[in-house]
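Coordinates as given in data04.cif (mmCIF, C-alpha atoms):
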```cif
data_upload
#
loop_
_atom_site.label_atom_id
_atom_site.label_comp_id
_atom_site.auth_asym_id
_atom_site.auth_seq_id
_atom_site.Cartn_x
_atom_site.Cartn_y
_atom_site.Cartn_z
CA MET S 1 12.54 -18.11 -11.97
CA PRO S 2 9.02 -19.56 -11.48
CA ARG S 3 6.41 -17.90 -13.65
CA GLN S 4 4.34 -16.58 -10.73
CA VAL S 5 7.40 -15.12 -9.03
CA LEU S 6 8.40 -13.49 -12.30
CA GLU S 7 4.92 -12.03 -12.78
CA ASP S 8 4.85 -10.77 -9.18
CA THR S 9 8.25 -9.18 -9.67
CA LEU S 10 7.19 -7.51 -12.89
CA THR S 11 3.99 -6.28 -11.23
CA ALA S 12 5.98 -4.84 -8.32
CA ASP S 13 8.38 -3.21 -10.77
CA SER S 14 5.49 -1.78 -12.73
CA ILE S 15 3.86 -0.34 -9.60
CA ALA S 16 7.17 1.15 -8.45
CA ALA S 17 7.64 2.74 -11.85
CA ASP S 18 4.05 4.00 -11.94
CA SER S 19 4.35 5.54 -8.48
CA ALA S 20 7.48 7.41 -9.62
CA LEU S 21 5.77 8.49 -12.83
CA ALA S 22 2.67 9.64 -10.96
CA ALA S 23 4.82 11.58 -8.50
CA SER S 24 6.23 13.46 -11.47
CA GLY S 25 2.72 14.38 -12.59
CA ASP S 26 1.77 11.53 -14.92
CA ALA S 27 -1.99 11.08 -14.49
CA THR S 28 -2.01 8.06 -16.80
CA ALA S 29 0.40 6.22 -14.51
CA PHE S 30 -1.76 7.25 -11.57
CA GLU S 31 -4.80 5.78 -13.27
CA ARG S 32 -2.99 2.46 -13.56
CA LEU S 33 -2.25 2.64 -9.82
CA TYR S 34 -5.92 3.41 -9.21
CA ARG S 35 -7.06 0.38 -11.20
CA THR S 36 -4.60 -1.88 -9.41
CA HIS S 37 -5.58 -0.75 -5.91
CA VAL S 38 -9.17 0.48 -6.06
CA ALA S 39 -10.78 -2.79 -4.98
CA ARG S 40 -8.65 -2.97 -1.86
CA VAL S 41 -9.20 0.66 -0.91
CA HIS S 42 -12.93 0.63 -1.65
CA THR S 43 -13.45 -2.57 0.31
CA LEU S 44 -11.59 -1.18 3.31
CA VAL S 45 -13.62 2.04 3.21
CA ARG S 46 -16.92 0.20 2.75
CA ARG S 47 -16.24 -2.02 5.75
CA MET S 48 -15.07 0.81 7.99
CA LEU S 49 -17.84 3.28 7.09
CA ASP S 50 -21.32 2.99 5.67
CA ALA S 51 -21.60 1.56 2.17
CA ASP S 52 -23.19 4.72 0.80
CA GLU S 53 -20.12 6.72 1.75
CA ALA S 54 -17.64 4.32 0.19
CA ASP S 55 -17.51 5.82 -3.30
CA ASP S 56 -16.98 9.39 -2.12
CA VAL S 57 -14.38 8.49 0.46
CA THR S 58 -12.52 6.23 -1.98
CA GLN S 59 -12.29 9.09 -4.43
CA ASP S 60 -11.05 11.32 -1.63
CA VAL S 61 -8.37 8.75 -0.74
CA PHE S 62 -7.01 8.68 -4.28
CA ILE S 63 -7.09 12.46 -4.68
CA ARG S 64 -5.17 12.83 -1.42
CA ALA S 65 -2.73 10.15 -2.58
CA TRP S 66 -2.07 12.16 -5.72
CA GLN S 67 -1.49 15.28 -3.64
CA LYS S 68 0.86 13.47 -1.24
CA LEU S 69 2.79 11.39 -3.75
CA SER S 70 5.77 13.69 -3.45
CA THR S 71 6.09 12.54 0.17
CA PHE S 72 6.11 8.84 -0.78
CA ARG S 73 9.74 7.83 -0.42
CA GLY S 74 9.42 4.20 -1.39
CA GLU S 75 10.51 2.81 1.97
CA SER S 76 7.38 0.68 1.91
CA ALA S 77 5.40 -0.72 -1.00
CA PHE S 78 3.08 1.78 -2.63
CA GLY S 79 0.09 -0.40 -1.72
CA THR S 80 1.06 -0.33 1.96
CA TRP S 81 1.48 3.44 1.87
CA LEU S 82 -1.87 3.89 0.13
CA HIS S 83 -3.61 1.55 2.55
CA ARG S 84 -2.35 3.47 5.55
CA LEU S 85 -3.43 6.71 3.92
CA ALA S 86 -6.91 5.22 3.38
CA VAL S 87 -7.14 4.25 7.05
CA ASN S 88 -6.18 7.79 8.05
CA VAL S 89 -8.77 9.31 5.73
CA VAL S 90 -11.46 6.99 7.11
CA LEU S 91 -10.59 7.81 10.70
CA ALA S 92 -10.49 11.54 9.96
CA ARG S 93 -13.91 11.21 8.34
CA ARG S 94 -15.16 9.43 11.41
CA LYS S 95 -14.07 12.30 13.60
CA THR S 96 -15.44 14.91 11.24
CA VAL S 97 -18.94 13.53 11.16
CA GLY S 98 -18.86 12.75 14.87
CA ILE S 99 -20.01 9.19 14.57
CA GLU S 100 -17.57 8.08 17.20
CA ARG S 101 -19.70 9.65 19.90
CA GLY S 102 -19.99 7.15 22.73
CA ARG S 103 -18.97 4.17 20.61
CA PHE S 104 -16.06 3.24 22.80
CA ILE S 105 -17.82 3.75 26.09
CA ASN S 106 -20.73 1.36 25.97
CA GLU S 107 -19.02 -1.99 25.55
CA ALA S 108 -22.25 -3.97 25.60
CA GLU S 109 -23.61 -2.09 22.58
CA PRO S 110 -22.31 -4.39 19.83
CA LEU S 111 -23.99 -7.41 21.41
CA ASP S 112 -27.21 -5.54 22.11
CA GLY S 113 -27.32 -4.14 18.63
CA LEU S 114 -27.59 -7.56 17.03
CA LYS S 115 -29.58 -9.47 19.61
CA SER S 116 -32.85 -9.16 17.80
CA LYS S 117 -31.49 -10.48 14.49
CA PRO S 118 -32.38 -14.03 13.51
CA VAL S 119 -29.77 -16.70 14.04
CA THR S 120 -31.46 -19.71 12.50
CA PRO S 121 -29.34 -21.34 9.80
CA GLU S 122 -31.68 -20.53 6.94
CA LEU S 123 -31.84 -16.87 7.92
CA SER S 124 -28.23 -16.39 8.84
CA MET S 125 -26.86 -13.18 7.44
CA ASP S 126 -24.07 -12.91 4.99
CA PHE S 127 -20.92 -12.32 6.98
CA GLU S 128 -20.28 -8.99 5.28
CA GLU S 129 -23.80 -7.84 6.07
CA ALA S 130 -23.38 -8.90 9.69
CA LEU S 131 -20.12 -6.99 9.82
CA ALA S 132 -21.83 -3.93 8.36
CA SER S 133 -24.51 -4.09 11.04
CA LEU S 134 -22.02 -3.75 13.90
CA PRO S 135 -21.80 -0.36 15.59
CA GLU S 136 -19.02 1.83 14.21
CA GLY S 137 -16.54 1.42 17.04
CA ALA S 138 -16.70 -2.36 17.20
CA ARG S 139 -16.75 -2.65 13.42
CA GLN S 140 -13.66 -0.52 12.97
CA VAL S 141 -11.69 -2.37 15.62
CA PHE S 142 -12.73 -5.71 14.10
CA VAL S 143 -11.80 -4.63 10.57
CA LEU S 144 -8.47 -3.15 11.62
CA HIS S 145 -7.49 -6.13 13.78
CA ASP S 146 -8.99 -9.25 12.27
CA VAL S 147 -9.24 -8.23 8.60
CA GLU S 148 -6.34 -5.82 8.17
CA GLY S 149 -3.95 -7.24 10.75
CA TYR S 150 -3.20 -4.19 12.89
CA ARG S 151 -2.18 -4.73 16.52
CA HIS S 152 -4.20 -3.42 19.45
CA GLU S 153 -1.50 -0.88 20.32
CA GLU S 154 -1.64 0.54 16.78
CA ILE S 155 -5.43 0.58 16.76
CA ALA S 156 -5.53 2.29 20.15
CA ARG S 157 -3.22 5.02 18.88
CA MET S 158 -5.26 5.51 15.72
CA LEU S 159 -8.58 5.64 17.55
CA GLY S 160 -7.40 7.55 20.59
CA VAL S 161 -8.35 4.86 23.10
CA VAL S 162 -6.42 2.55 25.40
CA PRO S 163 -5.46 -0.93 24.15
CA GLY S 164 -7.79 -2.54 26.67
CA THR S 165 -10.76 -0.80 25.04
CA SER S 166 -9.67 -2.03 21.64
CA LYS S 167 -9.44 -5.61 22.98
CA SER S 168 -12.83 -5.35 24.60
CA GLN S 169 -14.46 -3.98 21.45
CA LEU S 170 -12.87 -6.72 19.38
CA HIS S 171 -14.22 -9.43 21.66
CA HIS S 172 -17.73 -8.01 21.60
CA ALA S 173 -17.61 -7.71 17.82
CA ARG S 174 -16.52 -11.33 17.50
CA MET S 175 -19.21 -12.50 19.92
CA ALA S 176 -21.83 -10.62 17.93
CA LEU S 177 -20.59 -12.03 14.62
CA ARG S 178 -20.55 -15.63 15.88
CA ARG S 179 -24.32 -15.47 16.03
CA HIS S 180 -24.37 -14.96 12.29
CA LEU S 181 -22.05 -17.69 11.16
CA GLU S 182 -23.49 -19.86 8.45
CA ARG S 183 -23.97 -23.29 9.90
CA MET F 1 -23.05 -17.79 29.27
CA ASN F 2 -21.19 -15.11 31.09
CA ASP F 3 -18.57 -16.52 33.38
CA GLN F 4 -15.28 -14.86 34.24
CA TRP F 5 -13.51 -16.57 31.34
CA THR F 6 -15.90 -15.75 28.55
CA THR F 7 -14.49 -12.29 28.06
CA ARG F 8 -10.97 -13.67 27.88
CA LEU F 9 -11.58 -16.04 24.98
CA SER F 10 -10.51 -13.54 22.32
CA GLU F 11 -7.30 -12.76 24.19
CA TYR F 12 -6.68 -16.51 24.40
CA ILE F 13 -7.14 -16.88 20.64
CA ASP F 14 -4.80 -13.95 20.01
CA GLY F 15 -2.12 -15.34 22.36
CA GLU F 16 -2.33 -12.40 24.72
CA LEU F 17 -2.81 -14.25 28.01
CA ASP F 18 0.19 -14.97 30.21
CA ARG F 19 1.07 -18.58 30.93
CA THR F 20 -0.77 -18.72 34.23
CA GLU F 21 -3.96 -17.28 32.74
CA GLN F 22 -3.67 -19.52 29.73
CA ALA F 23 -3.35 -22.65 31.88
CA ALA F 24 -6.30 -21.59 34.02
CA LEU F 25 -8.48 -20.93 30.96
CA GLU F 26 -7.57 -24.27 29.42
CA ALA F 27 -8.52 -26.00 32.65
CA HIS F 28 -11.85 -24.16 32.55
CA LEU F 29 -12.45 -25.12 28.94
CA ALA F 30 -12.15 -28.79 29.91
CA THR F 31 -15.19 -28.42 32.15
CA CYS F 32 -17.30 -25.72 30.43
CA GLY F 33 -19.05 -26.81 27.26
CA GLN F 34 -20.41 -23.34 26.56
CA CYS F 35 -17.02 -21.68 26.63
CA TYR F 36 -15.58 -24.51 24.58
CA ALA F 37 -18.25 -24.03 21.90
CA ALA F 38 -17.85 -20.26 22.00
CA LEU F 39 -14.12 -20.63 21.49
CA ALA F 40 -14.68 -22.72 18.38
CA ASP F 41 -17.12 -20.14 17.01
CA LEU F 42 -14.79 -17.24 17.69
CA ARG F 43 -12.00 -19.05 15.91
CA GLU F 44 -14.28 -19.47 12.93
CA VAL F 45 -15.15 -15.75 13.00
CA VAL F 46 -11.44 -14.91 12.95
CA ALA F 47 -10.83 -17.33 10.08
CA ARG F 48 -13.77 -15.88 8.18
CA ALA F 49 -12.42 -12.38 8.61
CA LYS F 50 -9.07 -13.40 7.16
CA SER F 51 -10.73 -15.00 4.15
CA LEU F 52 -12.85 -12.01 3.16
CA GLU F 53 -12.14 -10.88 -0.37
CA ASP F 54 -11.89 -7.41 -1.83
CA ARG F 55 -14.59 -6.27 -4.24
CA GLU F 56 -14.44 -3.65 -6.97
CA PRO F 57 -16.81 -0.70 -6.54
CA ALA F 58 -20.07 -1.03 -8.43
CA LYS F 59 -19.15 1.86 -10.70
CA ASP F 60 -15.88 3.19 -12.06
CA LEU F 61 -14.75 6.05 -9.83
CA TRP F 62 -11.86 7.20 -12.00
CA ALA F 63 -13.69 10.07 -13.75
CA GLY F 64 -14.43 11.76 -10.41
CA ILE F 65 -10.87 11.23 -9.24
CA ARG F 66 -9.38 12.50 -12.49
CA ALA F 67 -11.47 15.66 -12.20
CA GLY F 68 -10.04 16.26 -8.74
CA LEU F 69 -6.39 15.93 -9.72
CA THR F 70 -4.53 19.19 -9.72
CA PRO F 71 -1.55 19.52 -12.06
CA ALA F 72 1.72 18.37 -10.51
CA ARG F 73 3.50 21.32 -9.02
CA ALA F 74 7.17 21.55 -9.75
CA ALA F 75 7.77 23.12 -6.34
CA ASP F 76 6.55 19.89 -4.70
CA ARG F 77 9.14 17.79 -6.43
CA PRO F 78 12.63 17.43 -5.03
CA ALA F 79 15.03 19.67 -6.91
CA VAL F 80 18.64 18.89 -7.71
CA ARG F 81 20.97 21.50 -6.38
CA PRO F 82 23.55 22.18 -9.03
CA SER F 83 26.60 22.70 -6.87
CA GLY F 84 27.90 23.47 -3.42
CA ARG F 85 25.67 20.92 -1.80
CA ARG F 86 26.99 19.22 1.28
CA LEU F 87 26.26 15.55 0.73
CA SER F 88 25.27 13.24 3.50
CA PHE F 89 24.55 10.04 1.59
CA SER F 90 25.09 6.82 3.43
CA VAL F 91 26.00 3.66 1.54
CA PRO F 92 22.56 2.12 2.25
CA GLN F 93 20.90 5.29 0.92
CA LEU F 94 22.93 5.13 -2.25
CA LEU F 95 22.12 1.46 -2.67
CA ALA F 96 18.43 2.08 -2.07
CA ALA F 97 18.41 4.88 -4.61
CA SER F 98 20.19 2.73 -7.15
CA ILE F 99 17.91 -0.23 -6.68
CA ALA F 100 14.85 2.01 -6.95
CA LEU F 101 16.17 3.41 -10.19
CA VAL F 102 16.84 -0.01 -11.61
CA LEU F 103 13.25 -0.87 -10.79
CA LEU F 104 12.10 2.37 -12.34
CA SER F 105 13.99 1.70 -15.52
CA GLY F 106 12.75 -1.88 -15.55
CA GLY F 107 9.25 -0.52 -15.13
CA GLY F 108 9.79 1.72 -18.12
CA VAL F 109 10.81 -1.26 -20.16
CA TRP F 110 7.79 -3.14 -18.90
CA LEU F 111 5.50 -0.31 -19.93
CA ALA F 112 7.12 -0.19 -23.33
CA LEU F 113 6.50 -3.87 -23.97
CA PRO F 114 3.24 -4.93 -25.62
CA GLN F 115 0.66 -5.78 -22.96
CA ARG F 116 -1.20 -9.08 -23.15
CA SER F 117 -4.96 -8.68 -23.51
CA THR F 118 -7.02 -10.57 -20.95
CA GLY F 119 -10.48 -10.10 -22.31
CA GLN F 120 -13.11 -7.55 -23.13
CA ALA F 121 -13.01 -5.75 -19.80
CA GLU F 122 -9.27 -5.35 -20.21
CA GLU F 123 -9.70 -4.04 -23.72
CA GLN F 124 -12.14 -1.40 -22.51
CA ARG F 125 -9.55 0.09 -20.22
CA PRO F 126 -7.42 2.87 -21.57
CA ARG F 127 -4.21 1.46 -22.95
CA PRO F 128 -1.13 2.37 -20.93
CA ARG F 129 0.44 5.32 -22.68
CA ILE F 130 4.17 5.70 -22.66
CA ASP F 131 5.19 9.08 -21.33
CA PRO F 132 8.95 9.27 -21.78
CA ILE F 133 9.11 12.86 -20.59
CA GLY F 134 7.48 12.03 -17.26
CA TRP F 135 9.48 9.00 -16.26
CA THR F 136 12.80 10.23 -17.59
CA GLN F 137 12.41 13.46 -15.60
CA SER F 138 12.17 11.63 -12.30
CA THR F 139 14.97 9.29 -13.35
CA ASP F 140 17.13 12.25 -14.32
CA VAL F 141 16.66 13.80 -10.89
CA ALA F 142 17.84 10.68 -9.13
CA ILE F 143 20.68 10.07 -11.60
CA ALA F 144 21.87 13.59 -10.92
CA GLU F 145 21.92 12.82 -7.20
CA LEU F 146 24.01 9.72 -7.81
CA GLN F 147 26.27 11.66 -10.15
CA VAL F 148 26.92 14.30 -7.50
CA ALA F 149 27.66 11.56 -5.00
CA LEU F 150 30.12 10.06 -7.46
CA ASP F 151 31.83 13.42 -7.91
CA GLN F 152 32.38 13.52 -4.17
CA ASN F 153 33.46 9.90 -3.88
CA GLU F 154 35.69 9.44 -6.90
CA LYS F 155 38.75 10.79 -5.13
CA ARG F 156 38.78 7.50 -3.26
CA LEU F 157 39.35 5.66 -6.53
CA ASP F 158 42.58 5.47 -8.50
CA THR F 159 42.89 7.76 -11.51
CA ALA F 160 42.84 4.93 -14.08
CA THR F 161 39.47 3.73 -12.76
CA VAL F 162 38.08 7.25 -12.76
CA ARG F 163 39.23 7.75 -16.35
CA ILE F 164 37.51 4.57 -17.52
CA VAL F 165 34.33 5.44 -15.64
CA ARG F 166 34.23 8.93 -17.13
CA LYS F 167 34.78 7.53 -20.61
CA ASN F 168 31.96 5.01 -20.21
CA LEU F 169 29.61 7.59 -18.77
CA ALA F 170 30.32 9.83 -21.74
CA VAL F 171 29.43 7.02 -24.15
CA ILE F 172 26.20 6.31 -22.28
CA ASP F 173 25.32 10.01 -22.11
CA ARG F 174 25.82 10.32 -25.86
CA ALA F 175 23.50 7.35 -26.44
CA ILE F 176 20.88 8.88 -24.12
CA SER F 177 21.13 12.21 -25.89
CA GLU F 178 20.69 10.58 -29.31
CA ALA F 179 17.71 8.53 -28.12
CA ARG F 180 16.06 11.65 -26.74
CA MET F 181 16.59 13.56 -29.93
CA ALA F 182 15.01 10.72 -31.90
CA LEU F 183 12.09 10.58 -29.45
CA ARG F 184 11.35 14.25 -29.97
CA ASN F 185 10.46 13.39 -33.56
CA ASP F 186 8.71 10.13 -32.74
CA PRO F 187 7.60 10.15 -29.08
CA GLY F 188 5.39 7.08 -29.37
CA ASN F 189 8.09 4.84 -30.81
CA ALA F 190 8.21 1.75 -28.56
CA TYR F 191 11.70 0.73 -29.68
CA LEU F 192 13.16 4.15 -28.92
CA ASN F 193 11.49 4.21 -25.52
CA LEU F 194 12.83 0.75 -24.80
CA HIS F 195 16.30 1.77 -25.93
CA LEU F 196 16.25 4.92 -23.79
CA ALA F 197 15.03 2.98 -20.74
CA ASN F 198 17.78 0.37 -21.21
CA THR F 199 20.46 2.99 -21.66
CA MET F 200 19.39 4.93 -18.58
CA ARG F 201 19.31 1.67 -16.65
CA ARG F 202 22.90 0.99 -17.72
CA LYS F 203 23.90 4.40 -16.46
CA VAL F 204 22.20 3.80 -13.13
CA GLU F 205 23.92 0.45 -12.76
CA LEU F 206 27.31 1.92 -13.60
CA LEU F 207 26.86 4.75 -11.10
CA ARG F 208 25.74 2.31 -8.48
CA ARG F 209 28.73 0.03 -9.00
CA VAL F 210 31.21 2.86 -8.91
CA ASN F 211 29.68 4.35 -5.77
CA ASP F 212 29.81 0.89 -4.21
CA MET F 213 33.49 0.64 -5.10
CA ALA F 214 34.21 4.08 -3.66
CA ALA F 215 32.31 3.30 -0.47
CA ALA F 216 34.28 0.07 -0.09
CA GLN F 217 37.51 2.09 -0.23
CA SER F 218 36.53 4.29 2.72
#
```
For this file, write the structure as structure tokens.
Amino acid sequence: MPRQVLEDTLTADSIAADSALAASGDATAFERLYRTHVARVHTLVRRMLDADEADDVTQDVFIRAWQKLSTFRGESAFGTWLHRLAVNVVLARRKTVGIERGRFINEAEPLDGLKSKPVTPELSMDFEEALASLPEGARQVFVLHDVEGYRHEEIARMLGVVPGTSKSQLHHARMALRRHLER
Amino acid sequence: MNDQWTTRLSEYIDGELDRTEQAALEAHLATCGQCYAALADLREVVARAKSLEDREPAKDLWAGIRAGLTPARAADRPAVRPSGRRLSFSVPQLLAASIALVLLSGGGVWLALPQRSTGQAEEQRPRPRIDPIGWTQSTDVAIAELQVALDQNEKRLDTATVRIVRKNLAVIDRAISEARMALRNDPGNAYLNLHLANTMRRKVELLRRVNDMAAAQS
């Protein structure tokens, strides 16, 4: 067996074992799961929400994961289950704080929001910064579709919009971001 | 730039236009430099999105998470019903359970093995601590499920096979019992943990094989 395949297999085995241990109440196993997955969860949260919320929401994701571990049946990989849980927590947060207000109505907003930013090569923004400057609705559709690989139908269900709105938001987000490509 | 095709460029990239629309857009691209350039840029945006890398948070968040963890509640964990349960296991369910348990046991072995240090940052992390009580509890629950399934299924096997299986299970159970007794006196002993994990894995594999055999007889 190639070394990388062997290491991947052992890692998957270790995560499967740790998820079972954590489900039985082993906080040490859960800490190992945290250390394996925190970068992915924190990055997702940071991109979907504001950076200053990322730490709190990431902690919330892991605490909820601990509480819900008894419902994790192992049909999917633990990382996939955790990722979906993180998306749900982010979207619930979005509803709670009411930042979705009007984001999916004004389709021109993402373009307008970035028009005044410089686009000269020397001043081009870091791609992550440009992404962070998008309005919430466009940013979340872009992250879910282009970064995380969800389909428009899934995104529409999650956000409570029609697929056409998700497609439109995605296009506007891409058009806004193209102005900030490093050339 | 705002012609009728501009807003369709993303759908074109994502393969969501029908053939007629796709052909019409490609014809337009041959004559519209602005749309052609925009298409190239949008493709680069998509490629950039796929290449973004994850970053660790600036500070370790574990302490806050650990403080928010409530103790595991026994009521939340699936309980094994001792008797009288009407089983509805399918063969795929039994196989899935068995495979998961093999992984679990393998994971236990993996945790018991010495971990390779990868530098100072790694050394600063808390060392994985073996918790035989925790992982064997969840393994015991699932083994009990498989054992109950076997009790239901063994009538499909001939008596000689059942006798051999019972004899082997008794040997394995005795080894598990002895390993557990030894671990009570020396819970941190890596060899004993490894031995217990291997023995429980053997039991899982035996149960799996026998259930497979019984299912094949139906």
Next item on the list: Tell me which residues the PyMOL selection byres ((chain F and resi 153) around 10) grabs here, as a PyMOL selection string.
Entry: chain F and resi 147-152+154-157+210-215+217-218
Notebook entry, point to check: Taking into account all atoms listed in the file, which residue in the set F:Arg55, F:Arg180, F:His28, F:Arg163 is nearest to Val38 of chain S?
Noted result: F:Arg55
Checklist line | Atomic distance atom CA of Val41 of chain S - atom CA of Glu53 of chain F, expressed in Å with one decimal | finding: 11.9 Å
Next item on the list: Given the file shown, enumerate the residues that the PyMOL selection byres ((chain S) within 6 of (chain F)) captures and present them as a VMD selection string.
Entry: chain S and resid 13 to 14 17 21 25 39 to 40 43 59 146 to 147 171 178
Note to self: Would you pick out the contacts of His83 of chain S at 12 Å or less, using all atoms listed in the file, so that residues sharing its chain but fewer than 3 positions from it are not included, and give the list as number ranges by chain?
What the structure shows: S: 37-45, 58, 61-62, 65, 76-80, 86-90, 144, 148, 150
Note to self: I'd like to see the residues matched by the PyMOL selection byres ((chain S and resi 153) around 12) on this file, and ideally I'd get them as a VMD selection string.
What the structure shows: chain S and resid 141 144 to 145 149 to 152 154 to 167
Checklist line | Distance of atom CA of Asp186 of chain F from atom CA of Asp26 of chain S, expressed in Å to one decimal place | finding: 19.2 Å
Note to self: Calculated over only C-alpha atoms, which of the candidates S:Phe142, S:Ala132, S:Ser19, S:Ala54 has the smallest distance to Trp81 of chain S?
What the structure shows: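 Among the listed residues, the smallest separation from Trp81 of chain S belongs to S:Ser19.
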Item checked: One-decimal distance in Å that lies between atom CA of Ser70 of chain S and atom CA of Ser24 of chain S ->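 Taking atom CA of Ser24 of chain S as the start and atom CA of Ser70 of chain S as the end point, the length is 8.0 Å.
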Check: Any idea what's packed within 7 Å of Leu33 of chain S, counting all atoms listed in the file, ignoring anything in its chain fewer than 3 positions away? Could you give it as a ChimeraX atom specification?
Finding: /S:15,18,29-30,36-37
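Proximity of S:Leu181, S:Ile63, S:Ala16, S:Ala176 to Pro135 of chain S, computed with all atoms listed in the file, is greatest for S:Ala176.
If you measure from each of S:Ala138, S:Leu82, S:Leu91, S:Ala20 to Tyr34 of chain S using all atoms listed in the file, the closest one turns out to be S:Leu82.
Residue nearest Thr71 of chain S, chosen from S:Arg35, S:Lys95, S:Val57, S:Ala23 and counting only C-alpha atoms: S:Ala23.
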Notebook entry, point to check: Which polymer residues have any atom within 7 Å of an atom of Leu169 of chain F, counting only C-alpha atoms, with same-chain residues fewer than 4 positions away left out, as a count of residues only?
Noted result: 3
